[in-house]
file coords.cif (mmCIF, C-alpha atoms)
data_structure
#
loop_
_atom_site.label_atom_id
_atom_site.label_comp_id
_atom_site.auth_asym_id
_atom_site.auth_seq_id
_atom_site.Cartn_x
_atom_site.Cartn_y
_atom_site.Cartn_z
CA MET A 131 25.65 24.19 5.19
CA THR A 132 26.96 20.64 5.22
CA ARG A 133 25.08 17.53 6.18
CA ALA A 134 27.32 17.29 9.24
CA GLY A 135 26.29 20.78 10.30
CA VAL A 136 22.61 19.92 10.02
CA ALA A 137 23.19 16.69 11.93
CA GLU A 138 24.91 18.66 14.67
CA ARG A 139 21.93 20.99 15.04
CA LEU A 140 19.56 18.03 15.12
CA ALA A 141 21.64 16.46 17.87
CA GLU A 142 21.12 19.66 19.88
CA LEU A 143 17.37 19.31 19.38
CA ALA A 144 17.32 15.65 20.37
CA PRO A 145 16.71 16.25 24.11
CA VAL A 146 13.62 18.31 23.24
CA LEU A 147 12.19 15.51 21.13
CA ASP A 148 13.22 12.95 23.74
CA ALA A 149 10.64 14.63 25.95
CA HIS A 150 8.05 13.59 23.34
CA ALA A 151 9.38 10.01 23.51
CA GLY A 152 10.29 10.49 19.88
CA GLY A 153 12.92 11.92 17.62
CA VAL A 154 13.85 12.96 14.13
CA GLU A 155 16.46 11.58 11.77
CA LEU A 156 18.22 13.21 8.85
CA VAL A 157 17.34 11.74 5.45
CA GLY A 158 19.39 14.17 3.41
CA VAL A 159 20.28 17.73 2.45
CA ASP A 160 19.73 18.69 -1.15
CA ASP A 161 20.17 22.22 -2.55
CA GLY A 162 19.58 23.75 0.86
CA VAL A 163 16.48 21.68 1.57
CA VAL A 164 16.68 19.38 4.58
CA ARG A 165 14.65 16.17 4.48
CA LEU A 166 13.79 14.56 7.79
CA ARG A 167 11.90 11.56 9.11
CA PHE A 168 10.24 11.35 12.51
CA THR A 169 11.00 8.39 14.75
CA GLY A 170 9.62 6.86 17.93
CA MET A 171 6.31 8.14 19.28
CA CYS A 172 6.48 11.15 16.96
CA THR A 173 5.78 8.95 13.92
CA GLY A 174 2.07 8.53 14.60
CA CYS A 175 1.42 11.82 16.38
CA HIS A 176 -1.12 14.34 15.15
CA LEU A 177 0.98 17.14 16.64
CA ARG A 178 3.97 16.51 14.37
CA PRO A 179 3.18 19.64 12.31
CA LEU A 180 3.37 21.78 15.43
CA THR A 181 6.70 20.26 16.46
CA THR A 182 7.97 20.88 12.95
CA ALA A 183 6.77 24.46 12.78
CA SER A 184 7.66 25.56 16.29
CA THR A 185 10.86 23.66 17.03
CA ILE A 186 12.55 21.93 14.13
CA ARG A 187 12.03 24.23 11.17
CA PRO A 188 13.12 27.49 12.89
CA ALA A 189 16.23 25.81 14.28
CA LEU A 190 17.29 24.53 10.87
CA LEU A 191 16.29 27.61 8.86
CA ALA A 192 18.60 29.59 11.13
CA LEU A 193 21.55 27.72 9.63
CA ASP A 194 23.37 29.36 6.74
CA GLY A 195 22.28 28.00 3.37
CA ILE A 196 19.22 26.14 4.60
CA THR A 197 16.15 27.29 2.71
CA GLY A 198 13.60 24.60 3.43
CA VAL A 199 12.71 21.74 5.73
CA GLU A 200 10.63 18.82 4.45
CA ILE A 201 9.29 15.95 6.49
CA GLU A 202 9.01 12.49 4.99
CA GLY A 203 6.00 10.41 5.83
CA SER A 204 3.35 13.00 6.38
CA ARG A 205 2.65 16.66 6.02
CA ILE A 206 -0.14 19.19 6.30
CA SER A 207 -1.56 21.57 3.73
CA ALA A 208 -0.01 24.91 2.82
CA GLU A 209 -3.14 26.54 4.23
CA ALA A 210 -2.67 24.83 7.59
CA GLU A 211 1.07 25.59 7.57
CA ALA A 212 0.33 29.28 7.01
CA ARG A 213 -2.25 29.31 9.79
CA LEU A 214 0.18 27.65 12.15
CA ALA A 215 3.00 30.02 11.25
CA ALA A 216 0.75 33.04 11.78
CA ALA A 217 -0.38 31.77 15.15
CA LEU A 218 3.17 31.04 16.27
CA ALA A 219 4.34 34.47 15.13
CA ARG A 220 1.70 36.25 17.15
CA PRO A 221 3.06 37.46 20.50
CA ALA A 222 1.54 35.74 23.51
CA ALA A 223 0.44 39.11 24.86
CA GLN A 224 -1.90 39.54 21.91
CA TYR A 225 -3.69 36.34 22.84
CA ALA A 226 -4.02 37.50 26.42
CA SER A 227 -5.61 40.77 25.38
CA SER A 228 -7.95 39.38 22.76
CA MET B 98 4.76 4.71 -18.10
CA LEU B 99 2.19 7.34 -17.35
CA ASP B 100 3.34 10.90 -18.04
CA GLY B 101 6.89 9.72 -17.39
CA ILE B 102 5.93 8.02 -14.12
CA PHE B 103 6.96 4.39 -13.57
CA VAL B 104 3.89 2.29 -12.80
CA PHE B 105 4.35 -0.85 -10.69
CA ASP B 106 0.98 -2.49 -10.03
CA ASN B 107 1.22 -4.11 -6.59
CA ALA B 108 -1.51 -6.70 -7.23
CA ILE B 109 -3.00 -8.38 -10.25
CA HIS B 110 -4.72 -11.76 -10.13
CA CYS B 111 -5.22 -14.28 -12.90
CA TYR B 112 -8.49 -15.60 -11.48
CA ASP B 113 -10.29 -18.85 -11.97
CA MET B 114 -13.95 -17.99 -11.45
CA SER B 115 -15.23 -20.75 -13.69
CA ASP B 116 -18.03 -23.12 -12.73
CA GLU B 117 -15.50 -25.94 -12.98
CA ASN B 118 -13.46 -24.43 -10.14
CA LEU B 119 -16.42 -24.22 -7.74
CA ARG B 120 -16.50 -26.72 -4.87
CA GLU B 121 -19.46 -29.09 -5.13
CA ASP B 122 -19.45 -29.66 -1.36
CA ARG B 123 -20.15 -26.02 -0.57
CA GLU B 124 -23.70 -24.86 -1.01
CA ASP B 125 -22.60 -21.24 -0.82
CA ALA B 126 -19.91 -21.58 -3.52
CA ARG B 127 -21.93 -20.27 -6.44
CA TYR B 128 -23.54 -17.47 -4.45
CA SER B 129 -20.18 -16.34 -3.05
CA ARG B 130 -18.50 -16.47 -6.45
CA ASP B 131 -21.32 -14.37 -7.91
CA LEU B 132 -21.00 -11.91 -5.04
CA LEU B 133 -17.28 -11.56 -5.83
CA LEU B 134 -18.16 -10.90 -9.45
CA ALA B 135 -20.66 -8.25 -8.42
CA GLN B 136 -18.10 -6.58 -6.15
CA GLY B 137 -15.66 -6.45 -9.04
CA ALA B 138 -18.26 -5.07 -11.41
CA GLY B 139 -18.90 -2.18 -9.03
CA GLY B 140 -15.47 -0.74 -9.73
CA ARG B 141 -15.09 -1.38 -13.44
CA TRP B 142 -15.04 1.21 -16.17
CA ALA B 143 -16.11 1.78 -19.73
CA GLY B 144 -15.18 -1.05 -22.00
CA TYR B 145 -14.94 -3.46 -19.11
CA ASN B 146 -18.44 -3.29 -17.69
CA ASP B 147 -20.69 -3.38 -20.74
CA GLY B 148 -21.13 -7.15 -20.82
CA SER B 149 -18.60 -7.62 -23.60
CA ILE B 150 -16.19 -9.43 -21.27
CA ASP B 151 -17.16 -12.60 -19.41
CA PHE B 152 -15.50 -12.51 -16.00
CA ARG B 153 -17.07 -15.81 -14.85
CA ARG B 154 -14.30 -17.97 -16.23
CA ARG B 155 -10.68 -18.96 -15.99
CA TRP B 156 -8.52 -16.07 -17.17
CA THR B 157 -5.43 -16.74 -19.23
CA VAL B 158 -2.12 -15.02 -18.61
CA GLU B 159 -2.23 -13.57 -22.12
CA GLU B 160 -5.63 -11.94 -21.53
CA LEU B 161 -4.53 -10.45 -18.23
CA TYR B 162 -1.28 -9.22 -19.76
CA GLU B 163 -3.20 -7.44 -22.50
CA MET B 164 -5.53 -5.78 -20.01
CA VAL B 165 -2.75 -4.59 -17.68
CA PHE B 166 0.21 -3.92 -19.97
CA VAL B 167 -1.16 -3.39 -23.49
CA ASP B 168 -4.35 -1.49 -22.73
CA ALA B 169 -2.89 0.41 -19.74
CA PRO B 170 0.43 2.17 -19.10
CA THR B 171 1.72 -0.39 -16.59
CA ASP B 172 5.45 -1.11 -16.45
CA MET B 173 5.55 -3.91 -13.88
CA ALA B 174 3.03 -5.88 -11.84
CA MET B 175 2.97 -8.52 -9.14
CA ALA B 176 0.80 -11.56 -9.90
CA GLN B 177 -0.58 -12.60 -6.54
CA VAL B 178 -2.04 -15.93 -5.48
CA VAL B 179 -5.38 -15.65 -3.69
CA PRO B 180 -5.36 -18.61 -1.26
CA ILE B 181 -9.12 -18.61 -0.78
CA PHE B 182 -10.26 -22.22 -0.86
CA ASP B 183 -13.61 -21.68 0.83
CA TRP B 184 -15.50 -22.00 -2.44
CA PHE B 185 -12.81 -22.87 -4.99
CA LYS B 186 -11.09 -26.17 -5.64
CA ASP B 187 -7.88 -24.63 -6.89
CA SER B 188 -8.19 -21.35 -4.97
CA PHE B 189 -9.54 -18.07 -6.28
CA ALA B 190 -6.31 -17.20 -8.13
CA PRO B 191 -4.30 -20.43 -8.44
CA ILE B 192 -0.63 -20.74 -7.59
CA LEU B 193 0.54 -22.20 -10.88
CA THR B 194 -1.36 -19.66 -12.98
CA GLN B 195 0.27 -16.72 -11.19
CA TYR B 196 3.64 -18.45 -11.48
CA GLU B 197 2.99 -19.02 -15.19
CA MET B 198 2.34 -15.32 -15.65
CA ALA B 199 5.68 -14.37 -14.09
CA LYS B 200 7.48 -17.08 -16.04
CA ARG B 201 5.91 -15.96 -19.31
CA TYR B 202 6.69 -12.26 -18.76
CA PRO B 203 9.77 -12.24 -16.49
CA ASP B 204 10.78 -8.65 -17.29
CA ARG B 205 7.49 -7.21 -16.12
CA VAL B 206 5.75 -9.65 -13.80
CA VAL B 207 6.82 -10.75 -10.32
CA PHE B 208 5.31 -13.80 -8.63
CA CYS B 209 3.71 -13.57 -5.17
CA GLY B 210 2.80 -16.88 -3.54
CA GLY B 211 0.12 -17.61 -0.98
CA VAL B 212 -0.65 -20.13 1.75
CA ASP B 213 -3.25 -20.67 4.46
CA PRO B 214 -2.26 -22.20 7.83
CA LEU B 215 -5.76 -23.37 8.72
CA PHE B 216 -7.00 -24.77 5.45
CA GLN B 217 -3.68 -26.41 4.59
CA GLY B 218 -2.35 -26.87 8.12
CA VAL B 219 0.82 -25.22 9.38
CA ASP B 220 3.17 -28.02 8.28
CA ALA B 221 1.73 -28.17 4.78
CA ALA B 222 1.74 -24.37 4.54
CA LEU B 223 5.44 -24.37 5.49
CA GLU B 224 6.16 -26.95 2.80
CA GLN B 225 4.22 -24.82 0.34
CA LEU B 226 6.31 -21.79 1.29
CA ASP B 227 9.51 -23.72 0.63
CA TRP B 228 8.21 -24.87 -2.75
CA GLN B 229 6.74 -21.56 -3.85
CA VAL B 230 9.88 -19.61 -2.95
CA ASN B 231 12.62 -22.09 -3.83
CA GLU B 232 11.07 -23.71 -6.90
CA LEU B 233 8.64 -21.12 -8.24
CA GLY B 234 10.57 -17.99 -7.35
CA ALA B 235 7.99 -16.24 -5.16
CA ARG B 236 9.26 -12.83 -4.08
CA SER B 237 6.46 -12.13 -1.62
CA ILE B 238 3.66 -14.04 0.10
CA LYS B 239 -0.04 -13.14 0.35
CA PHE B 240 -2.21 -14.11 3.29
CA TYR B 241 -6.01 -14.14 3.67
CA ASN B 242 -6.84 -14.69 7.31
CA GLY B 243 -10.59 -14.07 6.88
CA HIS B 244 -12.73 -17.05 5.93
CA VAL B 245 -16.26 -18.25 6.43
CA ASP B 246 -16.22 -19.87 9.89
CA ARG B 247 -12.49 -20.65 9.83
CA SER B 248 -10.74 -17.31 10.17
CA TRP B 249 -7.37 -17.11 11.87
CA SER B 250 -5.63 -14.21 13.50
CA CYS B 251 -2.47 -12.72 12.03
CA ASP B 252 -0.93 -12.42 15.49
CA ASP B 253 -1.50 -16.09 16.34
CA ARG B 254 1.87 -17.33 17.60
CA GLU B 255 1.13 -20.96 16.74
CA LEU B 256 -0.58 -20.57 13.39
CA ALA B 257 0.90 -17.46 11.85
CA TYR B 258 4.32 -16.89 13.42
CA PRO B 259 5.90 -20.08 12.03
CA LEU B 260 5.00 -18.84 8.55
CA TYR B 261 6.58 -15.44 9.14
CA GLU B 262 9.71 -17.09 10.52
CA ARG B 263 9.93 -19.35 7.48
CA CYS B 264 9.47 -16.37 5.16
CA LEU B 265 12.47 -14.70 6.73
CA GLU B 266 14.53 -17.89 6.49
CA LEU B 267 13.66 -18.06 2.80
CA GLY B 268 14.70 -14.45 2.23
CA ILE B 269 11.19 -13.04 1.91
CA THR B 270 10.96 -9.59 3.48
CA VAL B 271 7.58 -8.40 2.13
CA ILE B 272 4.40 -10.17 3.22
CA GLN B 273 0.93 -8.99 2.31
CA PHE B 274 -2.51 -9.22 3.83
CA HIS B 275 -5.99 -8.86 2.44
CA LYS B 276 -7.74 -6.67 5.00
CA GLY B 277 -11.22 -5.18 4.88
CA ILE B 278 -13.51 -5.93 1.89
CA PRO B 279 -14.94 -9.24 3.14
CA PHE B 280 -15.82 -11.92 0.59
CA GLY B 281 -19.19 -13.64 0.71
CA LEU B 282 -20.56 -14.01 4.22
CA MET B 283 -17.25 -13.82 6.08
CA ASP B 284 -17.23 -12.17 9.49
CA LEU B 285 -16.29 -8.56 8.95
CA GLU B 286 -14.30 -8.34 12.19
CA ALA B 287 -11.72 -10.82 10.94
CA MET B 288 -10.73 -8.25 8.35
CA LYS B 289 -9.54 -5.64 10.87
CA PRO B 290 -5.87 -4.75 10.45
CA ASN B 291 -5.34 -4.56 14.21
CA ASP B 292 -3.84 -8.04 14.44
CA LEU B 293 -0.83 -6.95 12.39
CA GLN B 294 0.53 -4.72 15.13
CA ARG B 295 2.08 -7.44 17.28
CA PRO B 296 3.70 -9.21 14.30
CA ALA B 297 5.07 -5.87 13.10
CA ARG B 298 6.67 -5.39 16.52
CA ASP B 299 7.91 -8.96 16.75
CA PHE B 300 9.25 -9.14 13.18
CA PRO B 301 10.93 -5.80 12.51
CA GLU B 302 12.84 -7.32 9.56
CA LEU B 303 9.56 -8.04 7.76
CA ASN B 304 7.54 -5.45 5.88
CA PHE B 305 3.77 -5.84 6.11
CA VAL B 306 1.50 -4.58 3.33
CA ILE B 307 -2.17 -4.04 4.20
CA HIS B 308 -4.45 -4.17 1.15
CA HIS B 309 -7.65 -2.25 0.34
CA LEU B 310 -6.97 0.36 3.06
CA ALA B 311 -8.76 -2.24 5.23
CA LEU B 312 -12.13 -0.64 4.41
CA PRO B 313 -14.31 -0.15 6.41
CA TYR B 314 -11.46 -0.08 8.97
CA PHE B 315 -9.78 2.85 7.28
CA GLU B 316 -9.05 4.81 10.46
CA GLU B 317 -7.42 1.77 12.03
CA ALA B 318 -5.26 1.22 8.95
CA VAL B 319 -4.15 4.85 8.95
CA TRP B 320 -3.30 4.94 12.65
CA ILE B 321 -1.40 1.68 12.39
CA ALA B 322 0.58 2.52 9.23
CA ALA B 323 1.40 5.97 10.59
CA ARG B 324 3.14 4.50 13.63
CA PHE B 325 4.77 1.28 12.46
CA PRO B 326 7.81 1.82 10.23
CA ASN B 327 7.37 -1.62 8.63
CA ILE B 328 3.66 -1.38 7.78
CA TYR B 329 2.64 -0.17 4.32
CA LEU B 330 -0.75 0.38 2.69
CA SER B 331 -1.81 -0.85 -0.72
CA LEU B 332 -4.60 1.09 -2.42
CA ALA B 333 -5.77 -2.14 -3.99
CA ALA B 334 -8.77 -1.27 -6.16
CA ASN B 335 -9.33 1.84 -4.02
CA LEU B 336 -8.46 4.17 -6.90
CA ASN B 337 -11.23 2.59 -9.00
CA PHE B 338 -13.60 4.83 -7.08
CA THR B 339 -11.91 8.03 -8.22
CA LEU B 340 -14.55 8.38 -10.93
CA ILE B 341 -17.50 7.01 -8.95
CA ALA B 342 -16.94 8.90 -5.71
CA PRO B 343 -14.05 11.34 -6.15
CA ARG B 344 -14.83 13.10 -2.90
CA ALA B 345 -14.40 9.89 -0.92
CA VAL B 346 -11.05 9.19 -2.60
CA GLN B 347 -9.92 12.77 -2.03
CA GLN B 348 -10.72 12.48 1.67
CA GLN B 349 -8.97 9.14 2.01
CA LEU B 350 -5.93 10.25 0.05
CA GLY B 351 -5.73 13.56 1.90
CA GLN B 352 -5.72 11.84 5.26
CA LEU B 353 -3.19 9.27 4.03
CA LEU B 354 -0.81 12.00 2.84
CA GLN B 355 -1.23 13.86 6.12
CA MET B 356 -0.82 10.89 8.45
CA VAL B 357 1.07 8.15 6.62
CA GLY B 358 2.92 9.75 3.69
CA SER B 359 3.20 8.59 0.11
CA GLU B 360 6.48 6.79 0.89
CA LYS B 361 4.33 4.07 2.41
CA LEU B 362 1.50 3.92 -0.14
CA CYS B 363 1.32 1.59 -3.16
CA TYR B 364 -1.08 1.41 -6.06
CA ALA B 365 -2.72 -1.87 -7.05
CA SER B 366 -5.35 -2.50 -9.71
CA ASP B 367 -6.62 -5.94 -8.67
CA ALA B 368 -7.16 -6.61 -12.37
CA ALA B 369 -8.65 -8.65 -13.91
CA LEU B 370 -11.70 -8.64 -11.62
CA SER B 371 -11.80 -4.86 -11.39
CA GLY B 372 -11.29 -4.39 -15.13
CA GLY B 373 -8.49 -2.62 -16.95
CA PRO B 374 -6.74 0.08 -14.92
CA ALA B 375 -6.22 2.72 -17.63
CA PRO B 376 -9.35 4.83 -16.91
CA TYR B 377 -8.78 5.26 -13.18
CA LEU B 378 -5.02 5.66 -13.56
CA GLN B 379 -5.80 8.74 -15.64
CA ALA B 380 -8.43 9.83 -13.10
CA PHE B 381 -5.80 9.52 -10.37
CA MET B 382 -3.39 11.69 -12.36
CA ASP B 383 -6.11 14.35 -12.63
CA LEU B 384 -7.10 14.10 -8.96
CA GLU B 385 -6.35 16.98 -6.62
CA ILE B 386 -7.10 17.65 -2.98
CA PRO B 387 -9.70 20.45 -3.08
CA GLU B 388 -9.31 23.69 -1.19
CA ASP B 389 -11.95 23.04 1.45
CA LEU B 390 -10.23 19.79 2.48
CA ARG B 391 -6.83 21.47 2.51
CA ASP B 392 -8.14 24.34 4.58
CA GLY B 393 -10.55 22.53 6.85
CA PHE B 394 -8.66 19.31 7.48
CA GLY B 395 -5.11 20.41 6.76
CA TYR B 396 -4.78 17.72 4.10
CA PRO B 397 -1.83 18.53 1.83
CA GLN B 398 -2.12 18.93 -1.92
CA ILE B 399 -0.97 15.84 -3.78
CA THR B 400 2.32 16.42 -5.58
CA ARG B 401 3.98 14.77 -8.54
CA ARG B 402 6.35 13.09 -6.10
CA ASP B 403 3.35 11.63 -4.25
CA ARG B 404 2.00 10.25 -7.51
CA GLU B 405 5.42 8.78 -8.34
CA ASN B 406 5.66 7.13 -4.94
CA ILE B 407 2.14 5.72 -5.02
CA LEU B 408 2.25 4.50 -8.61
CA GLY B 409 5.60 2.81 -8.44
CA LEU B 410 8.47 4.05 -6.31
CA THR B 411 7.24 2.82 -2.93
CA PHE B 412 6.64 -0.75 -4.05
CA SER B 413 9.81 -0.75 -6.15
CA ARG B 414 11.81 0.21 -3.07
CA LEU B 415 10.14 -2.56 -1.08
CA MET B 416 10.95 -5.13 -3.77
CA GLY B 417 14.47 -3.88 -4.38
CA ILE B 418 13.77 -2.80 -7.97
CA ASP B 419 16.13 -0.17 -9.37
CA VAL B 420 13.57 1.97 -11.20
CA GLU B 421 16.00 3.88 -13.40
CA ALA B 422 17.70 0.66 -14.50
CA LYS B 423 14.32 -0.95 -15.12
CA LYS B 424 13.16 2.00 -17.20
CA GLN B 425 16.24 1.64 -19.38
CA GLU B 426 15.76 -2.12 -19.63
CA LEU B 427 12.16 -1.74 -20.78
CA GLU B 428 12.75 1.23 -23.06
CA GLY B 429 11.92 0.37 -26.60
CA VAL B 430 10.79 -3.13 -25.68
CA PRO B 431 7.32 -3.62 -27.15
CA VAL B 432 4.67 -4.75 -24.69
#
call {"tool": "encode", "arguments": {"input": "coords.cif", "output": "structure tokens"}}
result
Amino acid sequence: MTRAGVAERLAELAPVLDAHAGGVELVGVDDGVVRLRFTGMCTGCHLRPLTTASTIRPALLALDGITGVEIEGSRISAEAEARLAAALARPAAQYASS
Amino acid sequence: MLDGIFVFDNAIHCYDMSDENLREDREDARYSRDLLLAQGAGGRWAGYNDGSIDFRRRWTVEELYEMVFVDAPTDMAMAQVVPIFDWFKDSFAPILTQYEMAKRYPDRVVFCGGVDPLFQGVDAALEQLDWQVNELGARSIKFYNGHVDRSWSCDDRELAYPLYERCLELGITVIQFHKGIPFGLMDLEAMKPNDLQRPARDFPELNFVIHHLALPYFEEAVWIAARFPNIYLSLAANLNFTLIAPRAVQQQLGQLLQMVGSEKLCYASDAALSGGPAPYLQAFMDLEIPEDLRDGFGYPQITRRDRENILGLTFSRLMGIDVEAKKQELEGVPV
């Protein structure tokens, strides 16, 4: 996947992040790993990890050749990432019945 | 270098804490100087805190060089003026001494000037800026807005903004602020980093470095640096506590990595007052974010890249230093 292809996908996501009064910019693509930087109101937001895990990362990992997504500026622990991923993978119906 | 990592110390000071530099017209001069010495002693390590070194004196550039570059794996450092005149005739870390250090060791030391718009007056401070940048080669400017009785606010449009404008005119893009850690009997509130938000908005071409994590205003510093793209944090003397209170440093560092990111964090030793940096540099290399903090707070584990950023890459980027070229330049050159 080329840098242009990643940029194109990010442009598609831009309206979603506009709703957060923020955005994300492409720092680079290196060996299949995309590096991004949040902009606008997203830069100081505690919910950045959720935006990354639920919106940005799945959209970029769906591209051929993309194996990872890293965010510059801040990140959460692997333990928290795993917890978040597990929660997002759980069907909503399971929450309703629990 | 430290385990192959380029170390650029954001702040060293060649102090003059001698009796001769104390102001006779200030009754609190001696007490405040001694309090500064005691603060420094609190963060020093073996070999530097056993009474064998007299810190109550005028340091020479050779002594400071030995402490920072010979006895520790430092590659570059910025010698910063401390424009605190409250108790000192020639300031706490005089202009010409810091300049002398950079002139004596031009490959490794960068000069950072300093002015005060209240003590000197705005016009005189502007003239000082011209002189320090044009004649002495200052690459950055340090400000201390907190004083006893005569503090000024960093967002003051009449006192502070003319200085920022002049910095830009002179080509200075990195300005630095002592925040937190009050000296003597200064008002603590003056040391809040909050007054850097408006300047950071109004001067997007300038980069603002907040020192000491603004302790005890750590949360404010984090929330400000996380949002403003042109605000950076210097861990000036903060890593000294890695051996005293590792848990506190782990919590601070974890939150910084989670909220701010190591691309905006710089290491500074504050030597000579805080002693030689070698012991806590090694402690920092050994430091990890423990599992309970990773799990309970979501703080990320510190990576080698984080250590590289904090110890040298972030400040090198700010100062326009090509690290790979500098490594080659210094390779084989004896310290």
call {"tool": "interface_residues", "arguments": {"input": "coords.cif", "of": "chain A", "to": "chain B", "cutoff": "12 Å", "atoms": "only C-alpha atoms", "output": "JSON, numbers by chain"}}
result
{"A": [152, 167, 168, 169, 170, 171, 172, 173, 174, 175, 176, 177, 178, 179, 200, 201, 202, 203, 204, 205, 206, 207, 208, 209, 210, 211, 212, 213, 214]}
call {"tool": "residues_around", "arguments": {"input": "coords.cif", "residues": "region 141-158 of chain B", "least_positions_apart": "3", "cutoff": "8 Å", "atoms": "only C-alpha atoms", "output": "PyMOL selection string"}}
result
chain B and resi 111-116+134+137-138+161-162+194-195+197-198+337+370-373+376
call {"tool": "atom_distance", "arguments": {"input": "coords.cif", "atom1": "CA of Thr171 (chain B)", "atom2": "CA of Leu132 (chain B)"}}
result
28.0 Å
call {"tool": "closest_residue", "arguments": {"input": "coords.cif", "among": "A:Ala223, A:Leu180, A:Ala215, A:Ala137", "to": "Val159 (chain A)", "atoms": "all atoms listed in the file"}}
result
A:Ala137
call {"tool": "resolve_selection", "arguments": {"input": "coords.cif", "expression": "the PyMOL selection byres ((chain A and resi 160-162) around 6)", "output": "list of chain:residue names"}}
result
A:Val159, A:Val163, A:Gly195, A:Ile196, A:Thr197
call {"tool": "write_last_selection", "arguments": {"input": "coords.cif", "atoms": "C-alpha atoms", "output": "mmCIF file, in the coordinates of the input"}}
result
data_model
loop_
_atom_site.group_PDB
_atom_site.id
_atom_site.type_symbol
_atom_site.label_atom_id
_atom_site.label_comp_id
_atom_site.auth_asym_id
_atom_site.auth_seq_id
_atom_site.Cartn_x
_atom_site.Cartn_y
_atom_site.Cartn_z
ATOM 1 C CA VAL A 159 20.280 17.730 2.450
ATOM 2 C CA VAL A 163 16.480 21.680 1.570
ATOM 3 C CA GLY A 195 22.280 28.000 3.370
ATOM 4 C CA ILE A 196 19.220 26.140 4.600
ATOM 5 C CA THR A 197 16.150 27.290 2.710
#
call {"tool": "atom_distance", "arguments": {"input": "coords.cif", "atom1": "CA of Ile272 (chain B)", "atom2": "CA of Phe305 (chain B)"}}
result
5.2 Å
call {"tool": "closest_residue", "arguments": {"input": "coords.cif", "among": "A:Leu156, A:Arg220, A:Ala226, A:Gly135", "to": "Val199 (chain A)", "atoms": "only C-alpha atoms"}}
result
A:Leu156
